[in-house]
>>> print(open('model_4.cif').read())   # mmCIF, N, CA and C atoms
data_work
#
loop_
_atom_site.label_atom_id
_atom_site.label_comp_id
_atom_site.auth_asym_id
_atom_site.auth_seq_id
_atom_site.Cartn_x
_atom_site.Cartn_y
_atom_site.Cartn_z
N MET Z 9 0.83 -1.18 0.00
CA MET Z 9 0.00 0.00 0.00
C MET Z 9 0.87 1.24 0.00
N ALA Z 10 0.57 2.14 -0.89
CA ALA Z 10 1.22 3.45 -0.91
C ALA Z 10 0.17 4.46 -1.35
N HIS Z 11 -0.12 5.39 -0.47
CA HIS Z 11 -1.05 6.47 -0.80
C HIS Z 11 -0.26 7.77 -0.80
N PHE Z 12 -0.38 8.52 -1.90
CA PHE Z 12 0.30 9.80 -2.06
C PHE Z 12 -0.76 10.89 -1.97
N ILE Z 13 -0.64 11.76 -0.99
CA ILE Z 13 -1.62 12.83 -0.79
C ILE Z 13 -0.90 14.16 -0.91
N TYR Z 14 -1.22 14.87 -1.97
CA TYR Z 14 -0.59 16.16 -2.26
C TYR Z 14 -1.51 17.27 -1.79
N GLU Z 15 -0.97 18.20 -1.03
CA GLU Z 15 -1.69 19.42 -0.67
C GLU Z 15 -0.87 20.57 -1.24
N TYR Z 16 -1.56 21.53 -1.87
CA TYR Z 16 -0.81 22.62 -2.48
C TYR Z 16 -1.61 23.91 -2.42
N SER Z 17 -0.89 25.01 -2.41
CA SER Z 17 -1.53 26.32 -2.33
C SER Z 17 -2.13 26.70 -3.68
N ALA Z 18 -3.26 27.35 -3.62
CA ALA Z 18 -4.02 27.70 -4.83
C ALA Z 18 -3.31 28.72 -5.71
N ASN Z 19 -2.28 29.37 -5.21
CA ASN Z 19 -1.58 30.38 -6.02
C ASN Z 19 -0.53 29.79 -6.95
N LEU Z 20 -0.36 28.49 -6.93
CA LEU Z 20 0.63 27.86 -7.81
C LEU Z 20 -0.04 27.45 -9.13
N PRO Z 21 0.61 27.71 -10.26
CA PRO Z 21 0.00 27.40 -11.55
C PRO Z 21 -0.05 25.89 -11.82
N GLU Z 22 -1.23 25.43 -12.23
CA GLU Z 22 -1.46 24.00 -12.47
C GLU Z 22 -0.52 23.45 -13.55
N ASP Z 23 -0.22 24.25 -14.57
CA ASP Z 23 0.62 23.74 -15.66
C ASP Z 23 2.04 23.45 -15.19
N LEU Z 24 2.57 24.27 -14.29
CA LEU Z 24 3.92 24.01 -13.78
C LEU Z 24 3.92 22.93 -12.69
N LEU Z 25 2.83 22.82 -11.96
CA LEU Z 25 2.72 21.74 -10.98
C LEU Z 25 2.65 20.39 -11.69
N ASP Z 26 1.84 20.32 -12.73
CA ASP Z 26 1.64 19.07 -13.49
C ASP Z 26 1.52 17.88 -12.55
N LEU Z 27 0.51 17.96 -11.69
CA LEU Z 27 0.35 16.92 -10.68
C LEU Z 27 0.02 15.56 -11.29
N GLN Z 28 -0.71 15.52 -12.39
CA GLN Z 28 -0.97 14.22 -13.04
C GLN Z 28 0.35 13.59 -13.49
N GLY Z 29 1.24 14.40 -14.02
CA GLY Z 29 2.55 13.89 -14.43
C GLY Z 29 3.36 13.41 -13.24
N LEU Z 30 3.32 14.15 -12.14
CA LEU Z 30 4.05 13.76 -10.94
C LEU Z 30 3.47 12.46 -10.37
N MET Z 31 2.15 12.36 -10.34
CA MET Z 31 1.51 11.14 -9.83
C MET Z 31 1.93 9.93 -10.66
N GLN Z 32 1.96 10.11 -11.97
CA GLN Z 32 2.34 9.01 -12.86
C GLN Z 32 3.78 8.58 -12.57
N LYS Z 33 4.68 9.55 -12.41
CA LYS Z 33 6.08 9.22 -12.11
C LYS Z 33 6.21 8.48 -10.78
N MET Z 34 5.48 8.93 -9.77
CA MET Z 34 5.57 8.31 -8.45
C MET Z 34 5.02 6.88 -8.48
N HIS Z 35 3.89 6.68 -9.15
CA HIS Z 35 3.33 5.33 -9.24
C HIS Z 35 4.27 4.41 -10.00
N GLN Z 36 4.81 4.89 -11.09
CA GLN Z 36 5.72 4.07 -11.90
C GLN Z 36 6.94 3.67 -11.09
N LYS Z 37 7.55 4.64 -10.42
CA LYS Z 37 8.76 4.34 -9.65
C LYS Z 37 8.44 3.42 -8.47
N ALA Z 38 7.31 3.64 -7.82
CA ALA Z 38 6.91 2.78 -6.70
C ALA Z 38 6.73 1.35 -7.17
N ALA Z 39 6.10 1.17 -8.33
CA ALA Z 39 5.89 -0.18 -8.88
C ALA Z 39 7.22 -0.84 -9.23
N GLU Z 40 8.16 -0.07 -9.75
CA GLU Z 40 9.46 -0.61 -10.14
C GLU Z 40 10.26 -1.14 -8.96
N THR Z 41 9.97 -0.64 -7.76
CA THR Z 41 10.73 -1.08 -6.58
C THR Z 41 10.35 -2.48 -6.13
N ASP Z 42 9.17 -2.96 -6.56
CA ASP Z 42 8.61 -4.24 -6.07
C ASP Z 42 8.36 -4.21 -4.57
N ILE Z 43 8.31 -3.02 -3.99
CA ILE Z 43 8.03 -2.87 -2.57
C ILE Z 43 6.55 -2.54 -2.37
N PHE Z 44 5.99 -1.81 -3.32
CA PHE Z 44 4.60 -1.37 -3.23
C PHE Z 44 3.79 -1.98 -4.36
N PRO Z 45 2.74 -2.73 -4.05
CA PRO Z 45 1.91 -3.31 -5.11
C PRO Z 45 1.07 -2.23 -5.80
N MET Z 46 1.02 -2.29 -7.13
CA MET Z 46 0.28 -1.30 -7.91
C MET Z 46 -1.18 -1.20 -7.47
N ALA Z 47 -1.80 -2.34 -7.18
CA ALA Z 47 -3.22 -2.34 -6.82
C ALA Z 47 -3.49 -1.56 -5.54
N GLY Z 48 -2.48 -1.38 -4.71
CA GLY Z 48 -2.66 -0.65 -3.46
C GLY Z 48 -2.28 0.82 -3.52
N MET Z 49 -1.88 1.28 -4.70
CA MET Z 49 -1.45 2.68 -4.83
C MET Z 49 -2.63 3.61 -5.07
N ARG Z 50 -2.60 4.76 -4.43
CA ARG Z 50 -3.59 5.80 -4.62
C ARG Z 50 -2.87 7.14 -4.61
N SER Z 51 -3.35 8.06 -5.42
CA SER Z 51 -2.85 9.43 -5.39
C SER Z 51 -4.03 10.38 -5.44
N ARG Z 52 -3.91 11.46 -4.74
CA ARG Z 52 -4.92 12.51 -4.77
C ARG Z 52 -4.27 13.83 -4.43
N ALA Z 53 -4.90 14.89 -4.92
CA ALA Z 53 -4.37 16.24 -4.67
C ALA Z 53 -5.48 17.12 -4.10
N ILE Z 54 -5.09 17.92 -3.15
CA ILE Z 54 -6.02 18.83 -2.49
C ILE Z 54 -5.49 20.25 -2.66
N LYS Z 55 -6.26 21.05 -3.37
CA LYS Z 55 -5.90 22.44 -3.60
C LYS Z 55 -6.40 23.27 -2.42
N CYS Z 56 -5.50 23.97 -1.77
CA CYS Z 56 -5.84 24.76 -0.59
C CYS Z 56 -6.07 26.21 -0.97
N GLU Z 57 -7.32 26.62 -0.94
CA GLU Z 57 -7.68 28.00 -1.25
C GLU Z 57 -7.30 28.95 -0.12
N HIS Z 58 -7.38 28.47 1.08
CA HIS Z 58 -7.06 29.28 2.27
C HIS Z 58 -5.76 28.75 2.86
N PHE Z 59 -4.75 29.58 2.85
CA PHE Z 59 -3.43 29.17 3.32
C PHE Z 59 -2.61 30.40 3.69
N ARG Z 60 -1.56 30.18 4.40
CA ARG Z 60 -0.58 31.23 4.73
C ARG Z 60 0.78 30.56 4.76
N VAL Z 61 1.74 31.15 4.07
CA VAL Z 61 3.11 30.64 4.05
C VAL Z 61 4.01 31.71 4.66
N ALA Z 62 4.79 31.31 5.63
CA ALA Z 62 5.80 32.19 6.26
C ALA Z 62 5.20 33.52 6.68
N ASP Z 63 5.68 34.62 6.08
CA ASP Z 63 5.26 35.96 6.47
C ASP Z 63 3.93 36.39 5.86
N GLY Z 64 3.29 35.50 5.11
CA GLY Z 64 1.99 35.82 4.53
C GLY Z 64 2.05 36.47 3.16
N ASP Z 65 3.24 36.63 2.61
CA ASP Z 65 3.37 37.19 1.27
C ASP Z 65 2.57 36.32 0.30
N SER Z 66 1.64 36.91 -0.42
CA SER Z 66 0.73 36.14 -1.28
C SER Z 66 1.43 35.49 -2.47
N ASP Z 67 2.68 35.85 -2.72
CA ASP Z 67 3.43 35.22 -3.82
C ASP Z 67 4.08 33.90 -3.40
N LYS Z 68 4.10 33.62 -2.10
CA LYS Z 68 4.72 32.40 -1.61
C LYS Z 68 3.70 31.27 -1.59
N GLY Z 69 4.13 30.10 -2.05
CA GLY Z 69 3.24 28.95 -2.09
C GLY Z 69 3.88 27.73 -1.46
N PHE Z 70 3.12 26.64 -1.45
CA PHE Z 70 3.64 25.41 -0.88
C PHE Z 70 3.08 24.20 -1.59
N LEU Z 71 3.81 23.12 -1.48
CA LEU Z 71 3.33 21.80 -1.87
C LEU Z 71 3.86 20.82 -0.85
N ASN Z 72 2.95 20.04 -0.29
CA ASN Z 72 3.33 19.01 0.68
C ASN Z 72 2.85 17.67 0.18
N LEU Z 73 3.71 16.68 0.24
CA LEU Z 73 3.34 15.31 -0.06
C LEU Z 73 3.39 14.50 1.22
N SER Z 74 2.24 13.95 1.60
CA SER Z 74 2.17 13.01 2.71
C SER Z 74 1.96 11.63 2.10
N MET Z 75 2.85 10.74 2.39
CA MET Z 75 2.76 9.38 1.86
C MET Z 75 2.43 8.43 2.99
N LYS Z 76 1.38 7.66 2.81
CA LYS Z 76 1.01 6.64 3.79
C LYS Z 76 1.41 5.29 3.25
N VAL Z 77 2.07 4.51 4.07
CA VAL Z 77 2.46 3.16 3.66
C VAL Z 77 2.03 2.17 4.74
N GLY Z 78 1.75 0.94 4.31
CA GLY Z 78 1.45 -0.11 5.25
C GLY Z 78 2.71 -0.59 5.95
N ARG Z 79 2.55 -1.25 7.04
CA ARG Z 79 3.70 -1.78 7.78
C ARG Z 79 4.36 -2.92 7.03
N GLY Z 80 5.59 -3.21 7.42
CA GLY Z 80 6.27 -4.37 6.87
C GLY Z 80 7.57 -4.06 6.16
N ARG Z 81 7.92 -2.78 6.08
CA ARG Z 81 9.18 -2.41 5.44
C ARG Z 81 10.11 -1.86 6.52
N ASP Z 82 11.34 -2.33 6.52
CA ASP Z 82 12.26 -1.88 7.57
C ASP Z 82 12.66 -0.42 7.32
N GLU Z 83 13.24 0.18 8.34
CA GLU Z 83 13.60 1.60 8.27
C GLU Z 83 14.57 1.92 7.14
N PRO Z 84 15.64 1.15 6.93
CA PRO Z 84 16.53 1.46 5.81
C PRO Z 84 15.80 1.47 4.46
N THR Z 85 14.86 0.56 4.28
CA THR Z 85 14.09 0.52 3.04
C THR Z 85 13.22 1.76 2.92
N ARG Z 86 12.56 2.14 3.99
CA ARG Z 86 11.70 3.34 3.97
C ARG Z 86 12.54 4.59 3.71
N ILE Z 87 13.71 4.67 4.29
CA ILE Z 87 14.59 5.82 4.05
C ILE Z 87 15.02 5.84 2.58
N HIS Z 88 15.41 4.70 2.05
CA HIS Z 88 15.86 4.62 0.66
C HIS Z 88 14.75 5.06 -0.30
N VAL Z 89 13.57 4.49 -0.17
CA VAL Z 89 12.49 4.87 -1.10
C VAL Z 89 12.02 6.30 -0.83
N GLY Z 90 12.07 6.73 0.42
CA GLY Z 90 11.70 8.11 0.74
C GLY Z 90 12.61 9.10 0.04
N GLU Z 91 13.91 8.84 0.07
CA GLU Z 91 14.86 9.72 -0.64
C GLU Z 91 14.63 9.67 -2.14
N MET Z 92 14.29 8.50 -2.65
CA MET Z 92 14.02 8.35 -4.08
C MET Z 92 12.80 9.19 -4.49
N PHE Z 93 11.71 9.09 -3.73
CA PHE Z 93 10.50 9.87 -4.05
C PHE Z 93 10.76 11.37 -3.90
N TRP Z 94 11.53 11.75 -2.90
CA TRP Z 94 11.86 13.17 -2.70
C TRP Z 94 12.61 13.72 -3.91
N GLN Z 95 13.56 12.96 -4.43
CA GLN Z 95 14.32 13.41 -5.60
C GLN Z 95 13.43 13.52 -6.83
N ILE Z 96 12.53 12.57 -7.01
CA ILE Z 96 11.59 12.65 -8.13
C ILE Z 96 10.76 13.92 -8.02
N MET Z 97 10.29 14.20 -6.84
CA MET Z 97 9.47 15.39 -6.61
C MET Z 97 10.28 16.67 -6.89
N LEU Z 98 11.50 16.74 -6.38
CA LEU Z 98 12.35 17.92 -6.61
C LEU Z 98 12.63 18.13 -8.10
N GLU Z 99 12.97 17.07 -8.80
CA GLU Z 99 13.26 17.18 -10.22
C GLU Z 99 12.01 17.60 -11.01
N HIS Z 100 10.89 17.01 -10.67
CA HIS Z 100 9.65 17.33 -11.38
C HIS Z 100 9.26 18.80 -11.19
N LEU Z 101 9.52 19.32 -10.03
CA LEU Z 101 9.09 20.69 -9.70
C LEU Z 101 10.15 21.75 -9.97
N GLU Z 102 11.27 21.40 -10.57
CA GLU Z 102 12.31 22.38 -10.89
C GLU Z 102 11.76 23.58 -11.69
N PRO Z 103 10.94 23.36 -12.74
CA PRO Z 103 10.41 24.53 -13.48
C PRO Z 103 9.57 25.46 -12.60
N LEU Z 104 8.80 24.87 -11.71
CA LEU Z 104 7.99 25.68 -10.78
C LEU Z 104 8.89 26.47 -9.84
N MET Z 105 9.88 25.81 -9.27
CA MET Z 105 10.79 26.44 -8.32
C MET Z 105 11.62 27.54 -8.97
N ALA Z 106 11.84 27.44 -10.27
CA ALA Z 106 12.63 28.45 -10.97
C ALA Z 106 11.86 29.76 -11.12
N GLU Z 107 10.54 29.70 -11.06
CA GLU Z 107 9.72 30.89 -11.30
C GLU Z 107 8.95 31.40 -10.09
N TYR Z 108 8.75 30.55 -9.09
CA TYR Z 108 7.90 30.91 -7.96
C TYR Z 108 8.59 30.64 -6.64
N SER Z 109 8.19 31.38 -5.61
CA SER Z 109 8.67 31.14 -4.25
C SER Z 109 7.81 30.04 -3.64
N VAL Z 110 8.41 28.89 -3.45
CA VAL Z 110 7.65 27.71 -3.02
C VAL Z 110 8.41 26.98 -1.92
N THR Z 111 7.67 26.50 -0.94
CA THR Z 111 8.25 25.60 0.04
C THR Z 111 7.70 24.21 -0.24
N LEU Z 112 8.60 23.23 -0.29
CA LEU Z 112 8.23 21.84 -0.55
C LEU Z 112 8.48 21.01 0.69
N SER Z 113 7.62 20.04 0.91
CA SER Z 113 7.84 19.12 2.02
C SER Z 113 7.28 17.75 1.65
N TYR Z 114 7.84 16.75 2.31
CA TYR Z 114 7.45 15.36 2.06
C TYR Z 114 7.63 14.58 3.34
N GLU Z 115 6.67 13.74 3.64
CA GLU Z 115 6.80 12.85 4.79
C GLU Z 115 6.19 11.50 4.45
N MET Z 116 6.75 10.46 5.01
CA MET Z 116 6.21 9.12 4.86
C MET Z 116 5.74 8.67 6.24
N ARG Z 117 4.50 8.19 6.29
CA ARG Z 117 3.94 7.69 7.54
C ARG Z 117 3.59 6.22 7.39
N GLU Z 118 4.02 5.45 8.35
CA GLU Z 118 3.69 4.03 8.35
C GLU Z 118 2.41 3.84 9.18
N LEU Z 119 1.42 3.21 8.58
CA LEU Z 119 0.14 3.03 9.25
C LEU Z 119 0.17 1.82 10.18
N GLU Z 120 -0.54 1.94 11.25
CA GLU Z 120 -0.66 0.86 12.22
C GLU Z 120 -1.61 -0.19 11.67
N GLU Z 121 -1.12 -1.41 11.52
CA GLU Z 121 -1.90 -2.49 10.92
C GLU Z 121 -3.21 -2.77 11.63
N LYS Z 122 -3.19 -2.75 12.94
CA LYS Z 122 -4.36 -3.15 13.71
C LYS Z 122 -5.52 -2.17 13.60
N VAL Z 123 -5.24 -0.94 13.19
CA VAL Z 123 -6.32 0.05 13.09
C VAL Z 123 -6.45 0.60 11.66
N LYS Z 124 -6.01 -0.18 10.69
CA LYS Z 124 -6.14 0.20 9.28
C LYS Z 124 -7.06 -0.82 8.62
N PHE Z 125 -8.13 -0.33 8.03
CA PHE Z 125 -9.10 -1.20 7.41
C PHE Z 125 -9.28 -0.79 5.96
N ASN Z 126 -9.34 -1.74 5.06
CA ASN Z 126 -9.60 -1.42 3.67
C ASN Z 126 -10.13 -2.65 2.95
N SER Z 127 -10.75 -2.39 1.80
CA SER Z 127 -11.31 -3.45 0.98
C SER Z 127 -11.31 -2.97 -0.46
N ARG Z 128 -11.14 -3.87 -1.41
CA ARG Z 128 -11.25 -3.53 -2.82
C ARG Z 128 -11.74 -4.75 -3.58
N ASN Z 129 -12.29 -4.52 -4.75
CA ASN Z 129 -12.80 -5.64 -5.54
C ASN Z 129 -11.98 -5.85 -6.82
N PHE Z 130 -10.74 -5.40 -6.81
CA PHE Z 130 -9.84 -5.66 -7.95
C PHE Z 130 -8.46 -5.98 -7.45
#
>>> encode(input="model_4.cif", output="structure tokens")
Amino acid sequence: MAHFIYEYSANLPEDLLDLQGLMQKMHQKAAETDIFPMAGMRSRAIKCEHFRVADGDSDKGFLNLSMKVGRGRDEPTRIHVGEMFWQIMLEHLEPLMAEYSVTLSYEMRELEEKVKFNSRNF
């Protein structure tokens, strides 16, 4: 299981964000690792209309990626794939960062098995 949840400020241009392109890259790379099954991958983006970054300058924006993963991967593996996803994100967003003041962040959270419930029919 790998869920990618992107939150971003509404002042960032959609064409430079290209979130569909970023999602595709992340899913592809996650599948290539053989650590995350494709059937368990999900991506979604949440555009934040109401936000404040740093001093409140309206030209400053943000993008945060929260990644949820199921248990079962040791810490070195999580660190390795976390660094890999971070680099993909940084490279993908280089055009945006070249033109806009943006803060980027990424975190991976491991979900507790006993309190995680899900079902699918595929």
>>> select_by_dssp(input="model_4.cif", residues="chain Z", states="helix (DSSP H, G or I)", output="PyMOL selection string")
chain Z and resi 22-25+27-40+46-48+83-100+102-107+121-123
>>> axis_aligned_box(input="model_4.cif", around="segment 79-88 of chain Z", padding_each_side="8 Å", output="lines of an AutoDock Vina configuration file")
center_x = 9.5
center_y = 0.7
center_z = 4.0
size_x = 30.0
size_y = 26.2
size_z = 24.6
>>> resolve_selection(input="model_4.cif", expression="the PyMOL selection byres ((chain Z and resi 92-102) around 7)", output="list in words")
Leu24, Leu25, Leu30, Met34, Ile87, His88, Val89, Gly90, Glu91, Pro103, Leu104, Met105, Ala106, Glu107 and Tyr114 of chain Z
>>> resolve_selection(input="model_4.cif", expression="the PyMOL selection byres ((chain Z and resi 53) around 7)", output="ChimeraX atom specification")
/Z:12-16,51-52,54-55
>>> resolve_selection(input="model_4.cif", expression="the PyMOL selection byres (((chain Z and resi 115 and name CA) around 9) and name CA)", output="list in words")
Asn72, Leu73, Ser74, Met75, Lys76, Gly90, Ser113, Tyr114, Met116 and Arg117 of chain Z
>>> atom_distance(input="model_4.cif", atom1="atom CA of Met9 of chain Z", atom2="atom CA of Val123 of chain Z")
14.5 Å
>>> decode(input="model_4.cif", residues="segment 9-37 of chain Z", atoms="N, CA and C atoms", output="tab-separated table (two decimals), in the first residue's frame")
chain	number	residue	atom	x	y	z
Z	9	MET	N	0.83	-1.18	0.00
Z	9	MET	CA	0.00	0.00	0.00
Z	9	MET	C	0.87	1.24	0.00
Z	10	ALA	N	0.57	2.14	-0.89
Z	10	ALA	CA	1.22	3.45	-0.91
Z	10	ALA	C	0.17	4.46	-1.35
Z	11	HIS	N	-0.12	5.39	-0.47
Z	11	HIS	CA	-1.05	6.47	-0.80
Z	11	HIS	C	-0.26	7.77	-0.80
Z	12	PHE	N	-0.38	8.52	-1.90
Z	12	PHE	CA	0.30	9.80	-2.06
Z	12	PHE	C	-0.76	10.89	-1.97
Z	13	ILE	N	-0.64	11.76	-0.99
Z	13	ILE	CA	-1.62	12.83	-0.79
Z	13	ILE	C	-0.90	14.16	-0.91
Z	14	TYR	N	-1.22	14.87	-1.97
Z	14	TYR	CA	-0.59	16.16	-2.26
Z	14	TYR	C	-1.51	17.27	-1.79
Z	15	GLU	N	-0.97	18.20	-1.03
Z	15	GLU	CA	-1.69	19.42	-0.67
Z	15	GLU	C	-0.87	20.57	-1.24
Z	16	TYR	N	-1.56	21.53	-1.87
Z	16	TYR	CA	-0.81	22.62	-2.48
Z	16	TYR	C	-1.61	23.91	-2.42
Z	17	SER	N	-0.89	25.01	-2.41
Z	17	SER	CA	-1.53	26.32	-2.33
Z	17	SER	C	-2.13	26.70	-3.68
Z	18	ALA	N	-3.26	27.35	-3.62
Z	18	ALA	CA	-4.02	27.70	-4.83
Z	18	ALA	C	-3.31	28.72	-5.71
Z	19	ASN	N	-2.28	29.37	-5.21
Z	19	ASN	CA	-1.58	30.38	-6.02
Z	19	ASN	C	-0.53	29.79	-6.95
Z	20	LEU	N	-0.36	28.49	-6.93
Z	20	LEU	CA	0.63	27.86	-7.81
Z	20	LEU	C	-0.04	27.45	-9.13
Z	21	PRO	N	0.61	27.71	-10.26
Z	21	PRO	CA	0.00	27.40	-11.55
Z	21	PRO	C	-0.05	25.89	-11.82
Z	22	GLU	N	-1.23	25.43	-12.23
Z	22	GLU	CA	-1.46	24.00	-12.47
Z	22	GLU	C	-0.52	23.45	-13.55
Z	23	ASP	N	-0.22	24.25	-14.57
Z	23	ASP	CA	0.62	23.74	-15.66
Z	23	ASP	C	2.04	23.45	-15.19
Z	24	LEU	N	2.57	24.27	-14.29
Z	24	LEU	CA	3.92	24.01	-13.78
Z	24	LEU	C	3.92	22.93	-12.69
Z	25	LEU	N	2.83	22.82	-11.96
Z	25	LEU	CA	2.72	21.74	-10.98
Z	25	LEU	C	2.65	20.39	-11.69
Z	26	ASP	N	1.84	20.32	-12.73
Z	26	ASP	CA	1.64	19.07	-13.49
Z	26	ASP	C	1.52	17.88	-12.55
Z	27	LEU	N	0.51	17.96	-11.69
Z	27	LEU	CA	0.35	16.92	-10.68
Z	27	LEU	C	0.02	15.56	-11.29
Z	28	GLN	N	-0.71	15.52	-12.39
Z	28	GLN	CA	-0.97	14.22	-13.04
Z	28	GLN	C	0.35	13.59	-13.49
Z	29	GLY	N	1.24	14.40	-14.02
Z	29	GLY	CA	2.55	13.89	-14.43
Z	29	GLY	C	3.36	13.41	-13.24
Z	30	LEU	N	3.32	14.15	-12.14
Z	30	LEU	CA	4.05	13.76	-10.94
Z	30	LEU	C	3.47	12.46	-10.37
Z	31	MET	N	2.15	12.36	-10.34
Z	31	MET	CA	1.51	11.14	-9.83
Z	31	MET	C	1.93	9.93	-10.66
Z	32	GLN	N	1.96	10.11	-11.97
Z	32	GLN	CA	2.34	9.01	-12.86
Z	32	GLN	C	3.78	8.58	-12.57
Z	33	LYS	N	4.68	9.55	-12.41
Z	33	LYS	CA	6.08	9.22	-12.11
Z	33	LYS	C	6.21	8.48	-10.78
Z	34	MET	N	5.48	8.93	-9.77
Z	34	MET	CA	5.57	8.31	-8.45
Z	34	MET	C	5.02	6.88	-8.48
Z	35	HIS	N	3.89	6.68	-9.15
Z	35	HIS	CA	3.33	5.33	-9.24
Z	35	HIS	C	4.27	4.41	-10.00
Z	36	GLN	N	4.81	4.89	-11.09
Z	36	GLN	CA	5.72	4.07	-11.90
Z	36	GLN	C	6.94	3.67	-11.09
Z	37	LYS	N	7.55	4.64	-10.42
Z	37	LYS	CA	8.76	4.34	-9.65
Z	37	LYS	C	8.44	3.42	-8.47
